[in-house]
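Working notes, beginning with the structure itself.
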Amino acid sequence: MTRINLLRPRLPSRQSAQRLRLAGVGAALGLALLLSLSASLWAGAAGRLAAGALARVEEQRAREARHVAEWQALKAETRALEARAALLAQVERAAVRFAPLSGRIWAAAPPGCSVKQLILAPTGELIVKGEAESHREVADFVDRLRTVPGVERMEVEASSRTTGSGRVAFSLRGAMGGGAQ
Amino acid sequence: MKGRMASVAMLRLLVGALALSLALVVGLLLRPAWQARGEALAKLAAGEKELADMRQITAAIPATRARLEAQRLVVQAGESGLAKASDDTQIIRLIEELAGPDVSVTTLLAGERVPLQAPQRGAKGGSGSAQPEAEPGGSPYGKLSFRMEAVGMQEALESFLGALEGAVPGLRVEAVQWDSTPGTEGWHLVVSGSLYLIQ
């Protein structure tokens, strides 16, 4: 008995398989094309938005540039004044008052002791020369000078009795200190 | 059979056209648009950063102005204690006035005027902070050495020296020498120092 298969064949023909493959590839390509077009449109729109925002930022920068220029001018002026202030600070440092210090040194001389020469040198050196009745008075004078504000150091350099007058000629050397104002 | 073959060919053609279209869209539309977007975003970010910096500077203007005013006051106060370059004759008259009848000013000597320079960085007495900028037109201040000799009684000379130190603008006494005049009660005073001037 001859058998005849009346059902549709389960395996597709070669052409059908190819058609299916091509249809799948075509669908994928179509989807990719659609996505690419959408992405292009979106990127273009985003780029235009960014360009618009950039234009606004540039406008604001142009406005701020005036303030920046003002700030730069202020800074330059401040620097120039700071330079002047630094120069003036040197003048302030040079300010030492000698008259009060001289007065305090005269006042420190004990009775019988007279100052004949007083040198307040720019190096800060202090030299006192004079005459006294005795070496004790010279010592008293040195002790007093050591307590005078503005006198940092005081030492006896020489103290010798002269043959003519019989008085003691002395020479003292010291240094001025910070309290010379 | 022929119809099936034709539909496969059509499909191939369609797929090819789609592939070509995709390549064209990616190459001619998507990539340039993407690049343009990236560049615009980068420029925007840089512009926004610069704008933020500029706004910070703008916000600092009141503080900078306050600092400028403070410096201006410091300089004004400092300059008020200096003499002007054209004040030399007035200073001579003032010294004579301060001397009065009890002190005789015997000598007034002025040295060479030198511009006042900022202390060198690291020099003794100089601060360790940044060196202030030098003025383009040279130093605005000058220093003139001077020497003055006067004779008189000790008390009169002492008060004269005190007045000199306080009343003559820009005068800084740097050394004094007192010598008693032999055979008299008088004294000879030598004052040397510097006169600071606004050039």
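Each chain in the structure tokens gets a letter, A, B, ..., in the order shown, and its residues are numbered from 1; ligands are numbered from 1 in order too.
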
At a cut-off of 7 Å, which residues of chain B touch chain A? Count only C-alpha atoms and give the answer as a VMD selection string.
chain B and resid 4 to 5 8 11 to 12 15 18 to 19 22 25 to 26 29 to 30 33 to 34 36 to 37 40 to 41 44 47 to 48 51 54 to 55 57 to 58 61 64 to 65 68 71 to 72 74 to 75 78 116 to 118 132 to 135 158 161 to 162 165 172 to 180

Within chain B, find each residue whose DSSP state, derived from the backbone, is helix (DSSP H, G or I), and express the selection as a ChimeraX atom specification.
/B:2-59,61-80,85-99,154-167

Write out as a VMD selection string which residues come within 12 Å of A:Ser159 when counting only C-alpha atoms, dropping same-chain ones fewer than 2 positions away.
chain A and resid 128 to 139 141 to 142 155 to 157 161 to 162 167 to 173

Excluding B:Thr107 and its own-chain neighbours fewer than 6 positions away, which residues fall within 10 Å of it when counting only C-alpha atoms? Please give them as a ChimeraX atom specification.
/B:147-151,190

Could you tell me, as a VMD selection string, which residues of chain B DSSP assigns to strand (DSSP E or B) when given the backbone?
chain B and resid 83 to 84 103 to 115 141 to 153 171 to 180 186 to 198

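Computed from the coordinates, the atom CA of B:Trp187 to atom CA of B:Thr106 distance equals 12.3 Å.
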